[in-house]
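Read through the structure below, which is laid out as structure tokens, and then see the notes.
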Amino acid sequence: MAEMSKGVTAGKLASNVQKKITRAQEKVLQKLGKADETKDVQFEEGVINFNKQLVEGSKLQKDLKAYLAAVKAMHESSKRLHECLADMYEPDWYGKDEMDSIAEDTDLLWTDFHQKLVDHALISMDTYLAQFPDIKARIAKRDRKLVDFDSARHHFASLQKGKKKDEVKIAKAEDELGRAQKVFEDINEDLQEELPSLWNSRVGFYVNTFQSVAGLEEKFHREMGKLSQNLNDVMIKLEDQNQSGKAGKLGLKTTAAGKRQEGTNNTLSPRASGPPIPKSPSKLKPGPPVPPPPKVTPSKDVKQENIIDLFDDALVPEINVTSPSQCDSSGGGNLLDMDLDTLPAVSPGGVVSSPSSQAMSWNTWEQEKQASGTTNGSSDEAEMPPGFLYKVKAMHDYGATDGDELDLKAGDVVLVMSHENPEEQDDGWLMGVKEAHWLKKKDLKVKGVFPENFTQHL
């Protein structure tokens with residue numbers, strides 16, 4: 001039994017080899033023009049259309065897969081973008097819960113869109129192309145059977161035309177021709193029906209595929225547009241709240257205490273012995289110029305009791321006060337209009353000096369002050385920072401409440417500079433750097449703004 005099976009297999013293999021040899025010989029003869037070839041123009045056109053349809057379908061499948069990959073990539077990018085927004089979104093900001101819900105809905109929408117594209121487009125695309133390999137194999141088989149038919153036909157014709165006719169061989173060749181013709185015609189008839197039908201089906205398939213994609217895209221973008229609009233609304237309200245906070249901060253820069261705040265009050269520490277804290281930068285009004293009190297030595301203060309003695313009844317003309325700010329004509333006018341040169345000066349020891357000595361001491365002190373100012377100004381200006389305007393002295397402590405502000409202590413001297421962008425400068429606020437820091441390090445890393453009404457111009 002094994003020998004028989006082995007023999008059948010060997011016989012079939014030999015038969016297949018013989019068929020391949022015969023087909024090769026037949027093709028050579030046909031190409032050389034020594035043997036005619038059966039032609040079917042209509043079928044050949046069908047094969048051309050089939051190959052074109054296969055190429056187009058394969059390209060469509062490739063591009064559809066690339067589109068799905070892009071949708072998946074966009075899904076991942078959108079998800080990471082919303083996760084980044086959620087990480088940065090502070091809990092106390094407006095719309096935190098709405099923003100988280102929008103991110104979750106967006107993720108679900110992308111997932112649904114991708115899955116429906118797979119179900120309604122890619123799977124149908126794969127099914128459509130799955131029929132091409134079988135038909136292609138049958139076309140190749142038809143070509144082989146056509147060569148077999150032509151070869152059998154030529155062999156039968158040559159035996160009939162031979163001088164010595166062998167009826168047995170002729171009969172055998174005729175039988176082989178009949179079998180080859182039947183095999184060829186069976187497969188040829190099937191393909192003649194299938195190829196035109198397959199070619200016409202491409203229109204309906206393309207319509208269904210692109211309608212599905214377009215419909216899914218339209219629904220996806222419509223729903224995504226709603227989510228995007230909701231997110232935009234949340235961002236607008238967050239921006240409005242932020243701008244309102246900035247406006248409140250700008251307004252508080254000129255409040256009664258000259259404080260700069262945003263939601264909380266600044267800490268002000270006025271010195272008990274210093275002048276009263278001014279009410280507001282916008283309400284400050286310069287008074288008439290008043291010279292400093294007369295001093296014998298600028299570096300020493302006049303005792304309180306001696307100041308009182310300056311206005312002793314024996315020295316001050318009699319004044320008839322009719323109002324807090326006025327006196328009668330016999331009093332010589334307002335106190336500010338009085339000629340201080342007529343008043344005796346008080347020495348540090350409490351001794352009243354003569355008007356002439358007082359005037360000389362006062363003039364001497366003024367000259368020394370002007371000379372000192374001139375000398376210091378010429379040396380300081382060479383070392384002043386860029387944009388230097390003038391100096392001020394802090395009259396009160398000021399605790400900075402923002403990163404761009406200076407922390408001041410009463411007595412600090414500040415070098416006032418012009419603001420880099422005048423439009424950003426707030427009313428009642430100055431830009432500067434502490435003189436001690438500038439003279440020591442010559443840099444502007446710690447410059448900042450401070451309330452003008454906490455300082456006095458030097």
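Naming works like this for the structure tokens: A, B, ... for the chains as they're shown, residue 1 at the start of each chain, ligands 1 onward in shown order.
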**Request:** Tell me, as a ChimeraX atom specification, which residues lie within 6 Å of stretch 399-410 of chain A, counting only C-alpha atoms; anything in the same chain fewer than 2 positions away does not count.
**Result:** /A:267,394-397,412,448-450
**Request:** Choose the residue, out of A:Glu223, A:Glu56, A:His437, A:Ile170, that has the smallest atom-to-atom separation from A:Met384; count only C-alpha atoms.
**Result:** A:His437
Select from stretch 186-247 of chain A every residue with an atom at most 9 Å from any atom of stretch 85-108 of chain A, then for each give the shortest pair of atoms and their distance in Å to one decimal, using only C-alpha atoms, rows by chain and rising number, as a tab-separated table.
```
residue	atom	partner	partner_atom	distance
A:Glu223	CA	A:Thr106	CA	9.0
A:Met224	CA	A:Thr106	CA	7.0
A:Leu227	CA	A:Ile102	CA	6.2
A:Ser228	CA	A:Ile102	CA	8.3
A:Asn230	CA	A:Ile102	CA	7.6
A:Leu231	CA	A:Met99	CA	6.6
A:Val234	CA	A:Gly95	CA	5.9
A:Met235	CA	A:Gly95	CA	8.3
A:Lys237	CA	A:Tyr94	CA	7.2
A:Leu238	CA	A:Tyr94	CA	5.6
A:Gln241	CA	A:Tyr94	CA	8.0
```
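Between atom CA of A:Lys182 and atom CA of A:Thr22 lies a distance of 18.5 Å.
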**Asked** What gap, in Å, lies between atom CA of A:Leu191 and atom CA of A:Leu177?
**Response** 21.2 Å
**stretch 208-219 of chain A environment, 8 Å, only C-alpha atoms, sequence neighbours closer than 6 positions dropped, as a PyMOL selection string** = chain A and resi 113+116-117+120-121+124-125
Hey, can you spit out that residue selection with C-alpha atoms as a compact mmCIF listing (two decimals), in the first residue's frame?
```txt
# COMPACT_ATOMS: atom_id res chain seq x y z
CA PHE A 113 -14.73 57.95 17.75
CA LYS A 116 -16.54 53.39 15.57
CA LEU A 117 -14.08 54.16 12.80
CA HIS A 120 -17.70 50.95 10.36
CA ALA A 121 -14.74 51.65 8.09
CA SER A 124 -15.53 46.69 6.05
CA MET A 125 -12.36 47.73 4.23
```
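If only C-alpha atoms are the atoms counted, then among A:Phe454, A:Trp429, A:Phe43, A:Phe388 the closest residue to A:Glu193 is A:Phe43.
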Excluding same-chain residues fewer than 4 positions from A:Tyr128, what lies within 12 Å of it counting only C-alpha atoms, as a PDB file with all heavy atoms, in the first residue's frame?
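The new file selection.pdb reads:
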```pdb
ATOM      1  N   GLN A  53      -8.291  48.086  -9.448  1.00  0.00           N
ATOM      2  CA  GLN A  53      -9.146  48.107  -8.266  1.00  0.00           C
ATOM      3  C   GLN A  53      -8.402  47.605  -7.037  1.00  0.00           C
ATOM      4  O   GLN A  53      -8.572  48.130  -5.930  1.00  0.00           O
ATOM      5  CB  GLN A  53     -10.391  47.246  -8.526  1.00  0.00           C
ATOM      6  CG  GLN A  53     -11.456  47.330  -7.447  1.00  0.00           C
ATOM      7  CD  GLN A  53     -12.695  46.516  -7.843  1.00  0.00           C
ATOM      8  OE1 GLN A  53     -12.746  45.919  -8.935  1.00  0.00           O
ATOM      9  NE2 GLN A  53     -13.685  46.500  -6.968  1.00  0.00           N
ATOM     10  N   LEU A  54      -7.560  46.601  -7.222  1.00  0.00           N
ATOM     11  CA  LEU A  54      -6.772  46.062  -6.114  1.00  0.00           C
ATOM     12  C   LEU A  54      -5.770  47.091  -5.600  1.00  0.00           C
ATOM     13  O   LEU A  54      -5.604  47.254  -4.380  1.00  0.00           O
ATOM     14  CB  LEU A  54      -6.042  44.794  -6.572  1.00  0.00           C
ATOM     15  CG  LEU A  54      -5.103  44.150  -5.541  1.00  0.00           C
ATOM     16  CD1 LEU A  54      -5.857  43.780  -4.274  1.00  0.00           C
ATOM     17  CD2 LEU A  54      -4.412  42.935  -6.147  1.00  0.00           C
ATOM     18  N   GLU A  56      -5.997  50.413  -5.882  1.00  0.00           N
ATOM     19  CA  GLU A  56      -6.726  51.501  -5.222  1.00  0.00           C
ATOM     20  C   GLU A  56      -7.235  51.078  -3.845  1.00  0.00           C
ATOM     21  O   GLU A  56      -7.161  51.853  -2.877  1.00  0.00           O
ATOM     22  CB  GLU A  56      -7.889  51.945  -6.100  1.00  0.00           C
ATOM     23  CG  GLU A  56      -7.469  52.646  -7.387  1.00  0.00           C
ATOM     24  CD  GLU A  56      -8.651  52.971  -8.266  1.00  0.00           C
ATOM     25  OE1 GLU A  56      -9.756  52.438  -8.005  1.00  0.00           O
ATOM     26  OE2 GLU A  56      -8.489  53.764  -9.220  1.00  0.00           O
ATOM     27  N   GLY A  57      -7.760  49.862  -3.778  1.00  0.00           N
ATOM     28  CA  GLY A  57      -8.262  49.384  -2.491  1.00  0.00           C
ATOM     29  C   GLY A  57      -7.147  49.241  -1.463  1.00  0.00           C
ATOM     30  O   GLY A  57      -7.331  49.573  -0.285  1.00  0.00           O
ATOM     31  N   SER A  58      -5.996  48.760  -1.896  1.00  0.00           N
ATOM     32  CA  SER A  58      -4.861  48.603  -0.977  1.00  0.00           C
ATOM     33  C   SER A  58      -4.385  49.958  -0.474  1.00  0.00           C
ATOM     34  O   SER A  58      -4.036  50.118   0.704  1.00  0.00           O
ATOM     35  CB  SER A  58      -3.722  47.864  -1.678  1.00  0.00           C
ATOM     36  OG  SER A  58      -4.134  46.575  -2.090  1.00  0.00           O
ATOM     37  N   LEU A  60      -6.258  52.691  -0.260  1.00  0.00           N
ATOM     38  CA  LEU A  60      -7.287  53.199   0.635  1.00  0.00           C
ATOM     39  C   LEU A  60      -7.169  52.558   2.012  1.00  0.00           C
ATOM     40  O   LEU A  60      -7.306  53.230   3.050  1.00  0.00           O
ATOM     41  CB  LEU A  60      -8.674  52.928   0.037  1.00  0.00           C
ATOM     42  CG  LEU A  60      -9.875  53.345   0.898  1.00  0.00           C
ATOM     43  CD1 LEU A  60      -9.823  54.837   1.201  1.00  0.00           C
ATOM     44  CD2 LEU A  60     -11.178  52.989   0.196  1.00  0.00           C
ATOM     45  N   GLN A  61      -6.909  51.258   2.034  1.00  0.00           N
ATOM     46  CA  GLN A  61      -6.741  50.570   3.312  1.00  0.00           C
ATOM     47  C   GLN A  61      -5.532  51.118   4.076  1.00  0.00           C
ATOM     48  O   GLN A  61      -5.598  51.343   5.291  1.00  0.00           O
ATOM     49  CB  GLN A  61      -6.566  49.069   3.070  1.00  0.00           C
ATOM     50  CG  GLN A  61      -6.450  48.257   4.358  1.00  0.00           C
ATOM     51  CD  GLN A  61      -6.101  46.811   4.060  1.00  0.00           C
ATOM     52  OE1 GLN A  61      -5.202  46.540   3.252  1.00  0.00           O
ATOM     53  NE2 GLN A  61      -6.803  45.873   4.707  1.00  0.00           N
ATOM     54  N   ALA A 121     -15.572  51.336   9.260  1.00  0.00           N
ATOM     55  CA  ALA A 121     -14.741  51.654   8.094  1.00  0.00           C
ATOM     56  C   ALA A 121     -13.635  50.632   7.887  1.00  0.00           C
ATOM     57  O   ALA A 121     -13.530  50.022   6.817  1.00  0.00           O
ATOM     58  CB  ALA A 121     -14.143  53.056   8.244  1.00  0.00           C
ATOM     59  N   LEU A 122     -12.825  50.419   8.903  1.00  0.00           N
ATOM     60  CA  LEU A 122     -11.667  49.546   8.717  1.00  0.00           C
ATOM     61  C   LEU A 122     -12.065  48.092   8.529  1.00  0.00           C
ATOM     62  O   LEU A 122     -11.518  47.398   7.646  1.00  0.00           O
ATOM     63  CB  LEU A 122     -10.724  49.675   9.916  1.00  0.00           C
ATOM     64  CG  LEU A 122      -9.404  48.919   9.790  1.00  0.00           C
ATOM     65  CD1 LEU A 122      -8.611  49.414   8.597  1.00  0.00           C
ATOM     66  CD2 LEU A 122      -8.575  49.050  11.057  1.00  0.00           C
ATOM     67  N   ILE A 123     -13.022  47.602   9.314  1.00  0.00           N
ATOM     68  CA  ILE A 123     -13.428  46.197   9.187  1.00  0.00           C
ATOM     69  C   ILE A 123     -14.066  45.941   7.828  1.00  0.00           C
ATOM     70  O   ILE A 123     -13.779  44.933   7.172  1.00  0.00           O
ATOM     71  CB  ILE A 123     -14.396  45.823  10.336  1.00  0.00           C
ATOM     72  CG1 ILE A 123     -13.646  45.829  11.672  1.00  0.00           C
ATOM     73  CG2 ILE A 123     -15.020  44.455  10.077  1.00  0.00           C
ATOM     74  CD1 ILE A 123     -14.508  45.499  12.862  1.00  0.00           C
ATOM     75  N   SER A 124     -14.927  46.846   7.377  1.00  0.00           N
ATOM     76  CA  SER A 124     -15.533  46.688   6.052  1.00  0.00           C
ATOM     77  C   SER A 124     -14.476  46.798   4.955  1.00  0.00           C
ATOM     78  O   SER A 124     -14.568  46.124   3.913  1.00  0.00           O
ATOM     79  CB  SER A 124     -16.627  47.723   5.846  1.00  0.00           C
ATOM     80  OG  SER A 124     -16.103  49.035   5.933  1.00  0.00           O
ATOM     81  N   PHE A 132      -9.955  39.722  -2.936  1.00  0.00           N
ATOM     82  CA  PHE A 132      -9.028  39.902  -4.048  1.00  0.00           C
ATOM     83  C   PHE A 132      -7.988  38.789  -4.171  1.00  0.00           C
ATOM     84  O   PHE A 132      -7.686  38.361  -5.293  1.00  0.00           O
ATOM     85  CB  PHE A 132      -8.344  41.271  -3.947  1.00  0.00           C
ATOM     86  CG  PHE A 132      -9.208  42.409  -4.381  1.00  0.00           C
ATOM     87  CD1 PHE A 132     -10.143  42.971  -3.523  1.00  0.00           C
ATOM     88  CD2 PHE A 132      -9.119  42.921  -5.663  1.00  0.00           C
ATOM     89  CE1 PHE A 132     -10.943  44.015  -3.918  1.00  0.00           C
ATOM     90  CE2 PHE A 132      -9.927  43.971  -6.072  1.00  0.00           C
ATOM     91  CZ  PHE A 132     -10.837  44.516  -5.199  1.00  0.00           C
ATOM     92  N   PRO A 133      -7.387  38.312  -3.087  1.00  0.00           N
ATOM     93  CA  PRO A 133      -6.377  37.265  -3.244  1.00  0.00           C
ATOM     94  C   PRO A 133      -6.913  36.005  -3.934  1.00  0.00           C
ATOM     95  O   PRO A 133      -6.233  35.418  -4.788  1.00  0.00           O
ATOM     96  CB  PRO A 133      -5.935  36.975  -1.806  1.00  0.00           C
ATOM     97  CG  PRO A 133      -6.207  38.243  -1.076  1.00  0.00           C
ATOM     98  CD  PRO A 133      -7.439  38.790  -1.685  1.00  0.00           C
ATOM     99  N   LEU A 198     -17.314  42.637  -9.614  1.00  0.00           N
ATOM    100  CA  LEU A 198     -16.389  43.193  -8.610  1.00  0.00           C
ATOM    101  C   LEU A 198     -16.006  44.629  -8.954  1.00  0.00           C
ATOM    102  O   LEU A 198     -15.934  45.499  -8.078  1.00  0.00           O
ATOM    103  CB  LEU A 198     -15.141  42.311  -8.532  1.00  0.00           C
ATOM    104  CG  LEU A 198     -14.067  42.753  -7.535  1.00  0.00           C
ATOM    105  CD1 LEU A 198     -14.622  42.717  -6.119  1.00  0.00           C
ATOM    106  CD2 LEU A 198     -12.829  41.862  -7.661  1.00  0.00           C
ATOM    107  N   TRP A 199     -15.794  44.890 -10.217  1.00  0.00           N
ATOM    108  CA  TRP A 199     -15.422  46.236 -10.648  1.00  0.00           C
ATOM    109  C   TRP A 199     -16.528  47.252 -10.363  1.00  0.00           C
ATOM    110  O   TRP A 199     -16.273  48.366  -9.904  1.00  0.00           O
ATOM    111  CB  TRP A 199     -15.076  46.192 -12.145  1.00  0.00           C
ATOM    112  CG  TRP A 199     -14.830  47.526 -12.779  1.00  0.00           C
ATOM    113  CD1 TRP A 199     -15.615  48.163 -13.663  1.00  0.00           C
ATOM    114  CD2 TRP A 199     -13.705  48.389 -12.553  1.00  0.00           C
ATOM    115  NE1 TRP A 199     -15.070  49.365 -14.037  1.00  0.00           N
ATOM    116  CE2 TRP A 199     -13.875  49.536 -13.365  1.00  0.00           C
ATOM    117  CE3 TRP A 199     -12.572  48.305 -11.760  1.00  0.00           C
ATOM    118  CZ2 TRP A 199     -12.975  50.571 -13.391  1.00  0.00           C
ATOM    119  CZ3 TRP A 199     -11.664  49.349 -11.788  1.00  0.00           C
ATOM    120  CH2 TRP A 199     -11.859  50.468 -12.595  1.00  0.00           C
ATOM    121  N   SER A 201     -18.769  46.989  -8.031  1.00  0.00           N
ATOM    122  CA  SER A 201     -19.051  47.087  -6.590  1.00  0.00           C
ATOM    123  C   SER A 201     -18.210  48.163  -5.907  1.00  0.00           C
ATOM    124  O   SER A 201     -18.521  48.564  -4.778  1.00  0.00           O
ATOM    125  CB  SER A 201     -18.779  45.744  -5.911  1.00  0.00           C
ATOM    126  OG  SER A 201     -17.381  45.445  -5.904  1.00  0.00           O
ATOM    127  N   ARG A 202     -17.141  48.597  -6.553  1.00  0.00           N
ATOM    128  CA  ARG A 202     -16.240  49.569  -5.916  1.00  0.00           C
ATOM    129  C   ARG A 202     -16.967  50.881  -5.605  1.00  0.00           C
ATOM    130  O   ARG A 202     -16.691  51.530  -4.589  1.00  0.00           O
ATOM    131  CB  ARG A 202     -15.033  49.815  -6.814  1.00  0.00           C
ATOM    132  CG  ARG A 202     -15.314  50.707  -8.024  1.00  0.00           C
ATOM    133  CD  ARG A 202     -14.195  50.685  -9.029  1.00  0.00           C
ATOM    134  NE  ARG A 202     -14.368  51.696 -10.073  1.00  0.00           N
ATOM    135  CZ  ARG A 202     -15.228  51.615 -11.071  1.00  0.00           C
ATOM    136  NH1 ARG A 202     -16.023  50.552 -11.185  1.00  0.00           N
ATOM    137  NH2 ARG A 202     -15.315  52.581 -11.975  1.00  0.00           N
ATOM    138  N   GLY A 204     -20.211  51.506  -4.787  1.00  0.00           N
ATOM    139  CA  GLY A 204     -20.996  51.404  -3.563  1.00  0.00           C
ATOM    140  C   GLY A 204     -20.124  51.296  -2.322  1.00  0.00           C
ATOM    141  O   GLY A 204     -20.450  51.873  -1.270  1.00  0.00           O
ATOM    142  N   PHE A 205     -18.991  50.587  -2.445  1.00  0.00           N
ATOM    143  CA  PHE A 205     -18.104  50.445  -1.282  1.00  0.00           C
ATOM    144  C   PHE A 205     -17.477  51.781  -0.907  1.00  0.00           C
ATOM    145  O   PHE A 205     -17.430  52.149   0.268  1.00  0.00           O
ATOM    146  CB  PHE A 205     -17.014  49.418  -1.584  1.00  0.00           C
ATOM    147  CG  PHE A 205     -15.965  49.345  -0.518  1.00  0.00           C
ATOM    148  CD1 PHE A 205     -16.232  48.735   0.694  1.00  0.00           C
ATOM    149  CD2 PHE A 205     -14.727  49.931  -0.707  1.00  0.00           C
ATOM    150  CE1 PHE A 205     -15.276  48.702   1.694  1.00  0.00           C
ATOM    151  CE2 PHE A 205     -13.773  49.893   0.281  1.00  0.00           C
ATOM    152  CZ  PHE A 205     -14.039  49.274   1.484  1.00  0.00           C
ATOM    153  N   TYR A 206     -17.011  52.520  -1.908  1.00  0.00           N
ATOM    154  CA  TYR A 206     -16.404  53.820  -1.614  1.00  0.00           C
ATOM    155  C   TYR A 206     -17.425  54.757  -0.984  1.00  0.00           C
ATOM    156  O   TYR A 206     -17.116  55.502  -0.042  1.00  0.00           O
ATOM    157  CB  TYR A 206     -15.856  54.454  -2.895  1.00  0.00           C
ATOM    158  CG  TYR A 206     -14.716  53.689  -3.525  1.00  0.00           C
ATOM    159  CD1 TYR A 206     -14.419  53.829  -4.882  1.00  0.00           C
ATOM    160  CD2 TYR A 206     -13.939  52.799  -2.782  1.00  0.00           C
ATOM    161  CE1 TYR A 206     -13.374  53.136  -5.472  1.00  0.00           C
ATOM    162  CE2 TYR A 206     -12.898  52.101  -3.371  1.00  0.00           C
ATOM    163  CZ  TYR A 206     -12.622  52.262  -4.709  1.00  0.00           C
ATOM    164  OH  TYR A 206     -11.592  51.567  -5.294  1.00  0.00           O
ATOM    165  N   ASN A 208     -20.148  53.973   0.802  1.00  0.00           N
ATOM    166  CA  ASN A 208     -20.434  53.561   2.185  1.00  0.00           C
ATOM    167  C   ASN A 208     -19.280  53.906   3.122  1.00  0.00           C
ATOM    168  O   ASN A 208     -19.489  54.362   4.257  1.00  0.00           O
ATOM    169  CB  ASN A 208     -20.712  52.064   2.237  1.00  0.00           C
ATOM    170  CG  ASN A 208     -22.003  51.695   1.535  1.00  0.00           C
ATOM    171  OD1 ASN A 208     -22.920  52.511   1.411  1.00  0.00           O
ATOM    172  ND2 ASN A 208     -22.093  50.465   1.042  1.00  0.00           N
ATOM    173  N   THR A 209     -18.050  53.682   2.649  1.00  0.00           N
ATOM    174  CA  THR A 209     -16.888  53.922   3.499  1.00  0.00           C
ATOM    175  C   THR A 209     -16.764  55.396   3.857  1.00  0.00           C
ATOM    176  O   THR A 209     -16.636  55.774   5.035  1.00  0.00           O
ATOM    177  CB  THR A 209     -15.603  53.452   2.797  1.00  0.00           C
ATOM    178  OG1 THR A 209     -15.693  52.057   2.530  1.00  0.00           O
ATOM    179  CG2 THR A 209     -14.380  53.732   3.666  1.00  0.00           C
TER     180      THR A 209
END
```
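Excluding A:Glu76 and any residue on its chain fewer than 6 positions from it, the residues at most 12 Å away by only C-alpha atoms are Ala69, Ala70, His82, Glu83, Thr106, Asp107, Leu108, Trp110, Thr111 and His114 of chain A.
Comparing the minimum interatomic distances between A:Glu452 and each of A:Asn200, A:Lys440, A:Val392, A:Lys434, counting only C-alpha atoms, we find that A:Val392 sits nearest.
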